[in-house]
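Quick notes on the structure that follows.
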Amino acid sequence: MQTDSSFTFVLFGGTGDLSMRKILPALYEAHRAGMLAASGKIVAVARHEEDRTGYLQWVNEHVKAHVAKSGIDENAWASFVDRIEYVKLDLGKAEDFVKLRDALQDQSATRVFYLATGPSLFVPICHALASVGLNENARIVLEKPLGYDLRSSNAINDAVGEIFAEEQIYRIDHYLGKEPVQNLLALRFGNALFEPLWRREWVESIQITIAEELGVEARGDFYDNTGALRDMVQNHLLQLLSIVAMEPPHSMDSDSVRDEKLRVLRALKPIDPRDISKVAVRGQYHAGVIRGTSVPAYATESGVKTDSATETFVALKVEIENWRWAGVPFFLRTGKRLADRVAEIVVNFRAVPHSALGASALRAGANRLVIRLQPNETIRLYCLAKKPGEGMNLSSVHLDLAFDQFFKEGQMEAYQRLLLDVINGRLALFVRRDEQEAAWKWVEPILNEWAASGKPKPYAAGTWGPAAASAMLAQHGTCWLEEEN
Ligand code: BG6
């Protein structure tokens, strides 16, 4: 479906890594698929290139390689490039924003300002936009990380909030744009089957894992000042948790969904600093081997301090204090340089209350639902079945739903969906300020405690993280699901 109206998409940080890898390729895909209004324009803003010719050369050299899925359709690429204009702009120069305003002449087009820059530039850019009246009837997109802790995130939100109303602000968490995350909503709220079981009476524990094989790549400097708790838990993992645990919303409109997610975030059991070692494990990767290739230790990566105490792995036990989930542990885990790249949600159901089928039924385990978000989106339901032959011997078997076998059309990339949503004014998949605040508030005791004392536990690259993460689950009579799909 084509975007409803004409738009001008202004991209700050137009020559940055994010623009190159994600934003421009996603806009190209949307263009190629005929989803952008014909009159829509992209205005890239940066300091480095002198003029449009130089910028387009940069785009041709750097962006094309990141248009992965469909490959390049040269005709579509040429007409995509035609949409791009360029404004050389120095953030420190007020007159450059006048130049930008003059370049945005089409008053009827929806204006989107995408800040693909470091968070320290968000407030100065917003002020400069307001100084030339560009904040009116516009949408602003803020990339994560939005702040470093509750205080700094509030400071940014307060300052941006003086210039843009909350309905004009689109805070990106790209996990919310992923097709499988959308499917989680469909699974939970489109099927009557799971809802009665989706609660403490029938669920013993839930695991959410986002594991990466990659290390910090070229982002050592950024990452060393950030760590996995800020980079992945405060946003992606808590957003996934809130979707898994939320009550059915009244409708899919943006505030109905976000209200329900907020309720979960506000119901997270606060972490008592004295208990942190019992409910939180941090790790840092050492040298190791991933798929046969040796990889270096985190502390020797470029941009990382050799005595760094930054965590590249986090495992947490989280509880939700509400009627539905009281007492059910949610185990969250994320890390870099782990054994596999996988993001999945595992719902472990309780065992039958009484086994009329004997000991083998108990040994065979209980039902389990595994929702694999990436790679290879699949839903797998583990059930017990009788083994053929004499006697009542049970074994665990599974029913699989592999999405690519049902749907032949390819998935839409997260950024493509989110950018189209911004252009079309749909806020549901963006994080509201109160959600973000609740998430920062919850992680803050852990951030403080970790900053004050101790060091992450070492783990070898290519493993599943420190042994303490497994020990934490063993205390609850369970273990991480780590199997090949
Ligand atoms: C980003 C983090 O938000 O998400 C990165 O900053 C991480 O460190 C990435 O690698 C993971 O996203 P995906 O979509 O590859 O799972």
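Letters for chains follow the order of the structure tokens (A, B, ...), residue numbers begin at 1 for each chain, and ligand numbers begin at 1 in the order shown.
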Please return as a list of chain:residue names the residues found within 8 Å of ligand 1, counting only C-alpha atoms and all ligand atoms.
A:Lys144, A:Pro145, A:Asp173, A:His174, A:Tyr175, A:Ile210, A:Ala211, A:Glu212, A:Leu214, A:Val216, A:Tyr223, A:Ala228, A:Asp231, A:Met232, A:His236, A:Lys336, A:Ala343, A:Gln374
Please dump the current selection as a PDB file, in the first residue's frame; keep N, CA, C and O atoms.
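The resulting file, result-v6.pdb, is reproduced below:
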ATOM      1  N   LYS A 144      17.533   5.044  19.317  1.00  0.00           N
ATOM      2  CA  LYS A 144      18.143   4.673  20.574  1.00  0.00           C
ATOM      3  C   LYS A 144      19.664   4.755  20.444  1.00  0.00           C
ATOM      4  O   LYS A 144      20.144   4.634  19.318  1.00  0.00           O
ATOM      5  N   PRO A 145      20.466   4.922  21.454  1.00  0.00           N
ATOM      6  CA  PRO A 145      20.047   5.016  22.848  1.00  0.00           C
ATOM      7  C   PRO A 145      19.540   6.413  23.180  1.00  0.00           C
ATOM      8  O   PRO A 145      20.163   7.397  22.790  1.00  0.00           O
ATOM      9  N   ASP A 173      12.395   1.560  18.521  1.00  0.00           N
ATOM     10  CA  ASP A 173      13.005   0.331  19.035  1.00  0.00           C
ATOM     11  C   ASP A 173      12.800  -0.645  17.885  1.00  0.00           C
ATOM     12  O   ASP A 173      11.675  -1.105  17.652  1.00  0.00           O
ATOM     13  N   HIS A 174      13.859  -0.946  17.133  1.00  0.00           N
ATOM     14  CA  HIS A 174      13.631  -1.650  15.859  1.00  0.00           C
ATOM     15  C   HIS A 174      13.044  -3.044  16.075  1.00  0.00           C
ATOM     16  O   HIS A 174      12.432  -3.598  15.166  1.00  0.00           O
ATOM     17  N   TYR A 175      13.167  -3.601  17.281  1.00  0.00           N
ATOM     18  CA  TYR A 175      12.556  -4.912  17.512  1.00  0.00           C
ATOM     19  C   TYR A 175      11.039  -4.859  17.328  1.00  0.00           C
ATOM     20  O   TYR A 175      10.426  -5.837  16.918  1.00  0.00           O
ATOM     21  N   ILE A 210      17.906 -13.051  23.420  1.00  0.00           N
ATOM     22  CA  ILE A 210      18.417 -12.476  22.157  1.00  0.00           C
ATOM     23  C   ILE A 210      19.929 -12.704  22.187  1.00  0.00           C
ATOM     24  O   ILE A 210      20.656 -12.028  22.924  1.00  0.00           O
ATOM     25  N   ALA A 211      20.378 -13.698  21.439  1.00  0.00           N
ATOM     26  CA  ALA A 211      21.796 -14.047  21.437  1.00  0.00           C
ATOM     27  C   ALA A 211      22.404 -13.643  20.102  1.00  0.00           C
ATOM     28  O   ALA A 211      21.768 -13.788  19.062  1.00  0.00           O
ATOM     29  N   GLU A 212      23.609 -13.139  20.160  1.00  0.00           N
ATOM     30  CA  GLU A 212      24.300 -12.727  18.926  1.00  0.00           C
ATOM     31  C   GLU A 212      25.634 -13.450  18.818  1.00  0.00           C
ATOM     32  O   GLU A 212      26.293 -13.690  19.830  1.00  0.00           O
ATOM     33  N   LEU A 214      27.855 -12.018  16.680  1.00  0.00           N
ATOM     34  CA  LEU A 214      28.738 -10.879  16.423  1.00  0.00           C
ATOM     35  C   LEU A 214      29.294 -10.328  17.722  1.00  0.00           C
ATOM     36  O   LEU A 214      28.672 -10.436  18.775  1.00  0.00           O
ATOM     37  N   VAL A 216      31.495  -6.602  19.065  1.00  0.00           N
ATOM     38  CA  VAL A 216      31.097  -5.191  19.037  1.00  0.00           C
ATOM     39  C   VAL A 216      31.416  -4.526  17.699  1.00  0.00           C
ATOM     40  O   VAL A 216      31.125  -3.353  17.511  1.00  0.00           O
ATOM     41  N   TYR A 223      30.133   1.050  22.548  1.00  0.00           N
ATOM     42  CA  TYR A 223      29.650  -0.070  23.352  1.00  0.00           C
ATOM     43  C   TYR A 223      30.288  -0.081  24.730  1.00  0.00           C
ATOM     44  O   TYR A 223      29.641  -0.399  25.735  1.00  0.00           O
ATOM     45  N   ALA A 228      25.607  -4.210  27.685  1.00  0.00           N
ATOM     46  CA  ALA A 228      24.429  -4.946  27.214  1.00  0.00           C
ATOM     47  C   ALA A 228      23.141  -4.543  27.929  1.00  0.00           C
ATOM     48  O   ALA A 228      22.056  -4.588  27.346  1.00  0.00           O
ATOM     49  N   ASP A 231      22.146  -1.416  26.150  1.00  0.00           N
ATOM     50  CA  ASP A 231      22.052  -1.588  24.696  1.00  0.00           C
ATOM     51  C   ASP A 231      20.883  -2.501  24.313  1.00  0.00           C
ATOM     52  O   ASP A 231      20.244  -2.294  23.283  1.00  0.00           O
ATOM     53  N   MET A 232      20.607  -3.508  25.130  1.00  0.00           N
ATOM     54  CA  MET A 232      19.625  -4.526  24.721  1.00  0.00           C
ATOM     55  C   MET A 232      18.488  -4.735  25.727  1.00  0.00           C
ATOM     56  O   MET A 232      17.358  -4.995  25.336  1.00  0.00           O
ATOM     57  N   HIS A 236      15.050  -3.484  23.930  1.00  0.00           N
ATOM     58  CA  HIS A 236      14.512  -4.623  23.177  1.00  0.00           C
ATOM     59  C   HIS A 236      13.929  -5.711  24.087  1.00  0.00           C
ATOM     60  O   HIS A 236      12.820  -6.188  23.873  1.00  0.00           O
ATOM     61  N   LYS A 336      26.711 -10.894  23.417  1.00  0.00           N
ATOM     62  CA  LYS A 336      27.470 -10.878  22.169  1.00  0.00           C
ATOM     63  C   LYS A 336      28.458 -12.041  22.193  1.00  0.00           C
ATOM     64  O   LYS A 336      28.850 -12.497  23.258  1.00  0.00           O
ATOM     65  N   ALA A 343      16.987 -15.347  18.430  1.00  0.00           N
ATOM     66  CA  ALA A 343      16.105 -14.605  19.335  1.00  0.00           C
ATOM     67  C   ALA A 343      14.855 -15.448  19.497  1.00  0.00           C
ATOM     68  O   ALA A 343      14.224 -15.801  18.493  1.00  0.00           O
ATOM     69  N   GLN A 374      14.031 -15.065  15.279  1.00  0.00           N
ATOM     70  CA  GLN A 374      15.050 -15.038  14.225  1.00  0.00           C
ATOM     71  C   GLN A 374      16.189 -15.960  14.580  1.00  0.00           C
ATOM     72  O   GLN A 374      16.436 -16.156  15.774  1.00  0.00           O
TER      73      GLN A 374
END
Which residues, written as number ranges by chain, have at least one atom at most 12 Å from Asp404 of chain A, with only C-alpha atoms counted and residues fewer than 4 positions away on the same chain left out?
A: 179-180, 375-379, 400, 408-411
Please produce an output containing N, CA and C atoms for each residue in the selection, written as a PDB file, in the first residue's frame.
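Writing done, so here's out-v1.pdb:
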ATOM      1  N   GLU A 179       8.797  -8.440  11.835  1.00  0.00           N
ATOM      2  CA  GLU A 179       7.600  -9.226  11.491  1.00  0.00           C
ATOM      3  C   GLU A 179       7.245 -10.244  12.593  1.00  0.00           C
ATOM      4  N   PRO A 180       8.220 -11.015  13.090  1.00  0.00           N
ATOM      5  CA  PRO A 180       7.871 -12.020  14.096  1.00  0.00           C
ATOM      6  C   PRO A 180       7.331 -11.410  15.393  1.00  0.00           C
ATOM      7  N   PRO A 375      16.916 -16.560  13.643  1.00  0.00           N
ATOM      8  CA  PRO A 375      16.543 -16.584  12.232  1.00  0.00           C
ATOM      9  C   PRO A 375      15.446 -17.631  12.029  1.00  0.00           C
ATOM     10  N   ASN A 376      14.892 -17.721  10.843  1.00  0.00           N
ATOM     11  CA  ASN A 376      13.875 -18.723  10.501  1.00  0.00           C
ATOM     12  C   ASN A 376      12.696 -18.704  11.468  1.00  0.00           C
ATOM     13  N   GLU A 377      11.839 -17.751  11.304  1.00  0.00           N
ATOM     14  CA  GLU A 377      10.693 -17.607  12.199  1.00  0.00           C
ATOM     15  C   GLU A 377       9.877 -18.909  12.260  1.00  0.00           C
ATOM     16  N   THR A 378       9.740 -19.430  13.461  1.00  0.00           N
ATOM     17  CA  THR A 378       9.016 -20.695  13.645  1.00  0.00           C
ATOM     18  C   THR A 378       8.279 -20.665  14.971  1.00  0.00           C
ATOM     19  N   ILE A 379       7.175 -21.370  15.025  1.00  0.00           N
ATOM     20  CA  ILE A 379       6.536 -21.621  16.316  1.00  0.00           C
ATOM     21  C   ILE A 379       6.527 -23.125  16.496  1.00  0.00           C
ATOM     22  N   ASP A 400       5.300 -28.129  14.354  1.00  0.00           N
ATOM     23  CA  ASP A 400       6.052 -26.958  13.891  1.00  0.00           C
ATOM     24  C   ASP A 400       5.238 -26.104  12.935  1.00  0.00           C
ATOM     25  N   LYS A 408       4.633 -17.198   1.146  1.00  0.00           N
ATOM     26  CA  LYS A 408       5.727 -17.162   0.176  1.00  0.00           C
ATOM     27  C   LYS A 408       6.307 -15.747   0.062  1.00  0.00           C
ATOM     28  N   GLU A 409       5.479 -14.742   0.382  1.00  0.00           N
ATOM     29  CA  GLU A 409       6.016 -13.387   0.261  1.00  0.00           C
ATOM     30  C   GLU A 409       7.081 -13.159   1.341  1.00  0.00           C
ATOM     31  N   GLY A 410       8.144 -12.458   0.990  1.00  0.00           N
ATOM     32  CA  GLY A 410       9.242 -12.238   1.936  1.00  0.00           C
ATOM     33  C   GLY A 410       8.800 -11.313   3.068  1.00  0.00           C
ATOM     34  N   GLN A 411       9.532 -11.381   4.152  1.00  0.00           N
ATOM     35  CA  GLN A 411       9.214 -10.509   5.288  1.00  0.00           C
ATOM     36  C   GLN A 411       9.654  -9.078   5.009  1.00  0.00           C
TER      37      GLN A 411
END
With DSSP run on the backbone, what are the strand (DSSP E) residues within segment 258-436 of chain A? I'd like them as a VMD selection string.
chain A and resid 280 to 286 288 to 290 293 to 295 313 to 318 330 to 335 342 to 349 368 to 374 378 to 386 394 to 402
DSSP on the backbone: which residues in segment 44-207 of chain A end up as alpha helix (DSSP H)? Give the answer as a ChimeraX atom specification.
/A:52-62,74-82,94-103,122-131,150-163,179-190
Find the residues near Ser251 of chain A: any atom within 12 Å, counting only C-alpha atoms, skip ones fewer than 6 places away on the same chain, and give them as an MDAnalysis selection string.
chainID A and resid 185 189:190 257:260 428
What's the 9 Å shell around segment 99-112 of chain A, counting only C-alpha atoms, without same-chain residues fewer than 4 positions away, as a list in words?
Ser5, Ser6, Phe7, Thr8, Phe9, Val10, Leu11, Ser39, Gly40, Val43, Val45, Glu85, Val87, Lys88, Leu89, Glu95, Leu129, Val132, Gly133, Leu134, Glu136, Asn137, Ala138, Arg139, Ile140, Val141, Val422, Ile423 and Asn424 of chain A
Among the residues A:Arg47, A:Arg368, A:Arg433, A:Arg188, the one that comes closest to Val346 of chain A [using only C-alpha atoms]
A:Arg368
List the neighbours of Gln207 of chain A out to 7 Å using only C-alpha atoms; skip same-chain residues closer than 2 positions along the sequence, and give me the result as a list of chain:residue names.
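Contacts, in chain order: A:Ser205, A:Thr209, A:Phe330, A:Phe331, A:Leu332, A:Ile345, A:Val346, A:Val347.
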Go ahead and save the residues from that selection, with N, CA and C atoms, as an mmCIF file, in the first residue's frame.
data_model
loop_
_atom_site.group_PDB
_atom_site.id
_atom_site.type_symbol
_atom_site.label_atom_id
_atom_site.label_comp_id
_atom_site.auth_asym_id
_atom_site.auth_seq_id
_atom_site.Cartn_x
_atom_site.Cartn_y
_atom_site.Cartn_z
ATOM 1 N N SER A 205 7.413 -21.045 33.761
ATOM 2 C CA SER A 205 8.435 -19.998 33.592
ATOM 3 C C SER A 205 8.474 -19.602 32.118
ATOM 4 N N THR A 209 15.332 -14.869 24.986
ATOM 5 C CA THR A 209 16.765 -14.785 24.659
ATOM 6 C C THR A 209 16.968 -13.965 23.386
ATOM 7 N N PHE A 330 10.400 -14.858 34.841
ATOM 8 C CA PHE A 330 10.739 -14.565 33.443
ATOM 9 C C PHE A 330 12.264 -14.447 33.403
ATOM 10 N N PHE A 331 12.888 -15.294 32.623
ATOM 11 C CA PHE A 331 14.346 -15.249 32.525
ATOM 12 C C PHE A 331 14.718 -14.563 31.214
ATOM 13 N N LEU A 332 15.461 -13.484 31.329
ATOM 14 C CA LEU A 332 15.877 -12.741 30.129
ATOM 15 C C LEU A 332 17.378 -12.924 29.933
ATOM 16 N N ILE A 345 11.464 -16.885 22.303
ATOM 17 C CA ILE A 345 10.685 -16.837 23.541
ATOM 18 C C ILE A 345 10.256 -18.264 23.834
ATOM 19 N N VAL A 346 10.490 -18.705 25.053
ATOM 20 C CA VAL A 346 10.143 -20.075 25.415
ATOM 21 C C VAL A 346 9.140 -20.028 26.567
ATOM 22 N N VAL A 347 7.975 -20.584 26.321
ATOM 23 C CA VAL A 347 6.970 -20.632 27.391
ATOM 24 C C VAL A 347 6.945 -22.065 27.912
#
So that I can see what lies close to Phe194 of chain A, please list as a PyMOL selection string the residues with an atom at most 12 Å from it, counting only C-alpha atoms and leaving out residues fewer than 3 positions away in the same chain.
chain A and resi 184-191+197-199+202-203+244+248+347+349+368-369+381
Take atom CA of Ile163 of chain A and atom CA of Ala128 of chain A and report the distance between them in Å, one decimal.
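According to the coordinates, atom CA of Ile163 of chain A and atom CA of Ala128 of chain A are separated by 10.2 Å.
By only C-alpha atoms, and with residues fewer than 6 positions from Asn322 of chain A along its chain excluded, the set lying at most 12 Å from it is Arg199, Arg200, Ala245, Met246, Glu247, Arg263, Val264, Leu265, Arg266, Ala267, Leu268, Lys269 and Val328 of chain A.
As for atom CA of Val443 of chain A and atom CA of Asn235 of chain A, they are spaced 10.2 Å apart.
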In terms of the shortest atom-to-atom distance over only C-alpha atoms, which of A:Ala297, A:Cys383, A:Leu394, A:Ala218 is closest to Ala356 of chain A?
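Going through A:Ala297, A:Cys383, A:Leu394, A:Ala218 one by one, the smallest distance to Ala356 of chain A is for A:Leu394.
Candidate residues A:Ala159, A:Ala471, A:Ile371, A:Leu146 were compared for distance to Val123 of chain A, and the nearest is A:Ala159, using only C-alpha atoms.
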Using atom CA of Ala130 of chain A and atom CA of Ala439 of chain A as the two end points, give the distance in Å to one decimal.
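Computing it gives 29.0 Å between the two atoms.
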Between A:Glu143, A:Glu49, A:Asp82, A:Asp434, single out the one closest to Leu418 of chain A, counting only C-alpha atoms.
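Using only C-alpha atoms, the shortest distance to Leu418 of chain A belongs to A:Glu143.
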Find the residue from A:Glu74, A:Asp17, A:Asp221, A:Glu449 that sits nearest to Ile276 of chain A; use only C-alpha atoms when measuring.
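Of A:Glu74, A:Asp17, A:Asp221, A:Glu449, the one nearest Ile276 of chain A is A:Glu449, counting only C-alpha atoms.
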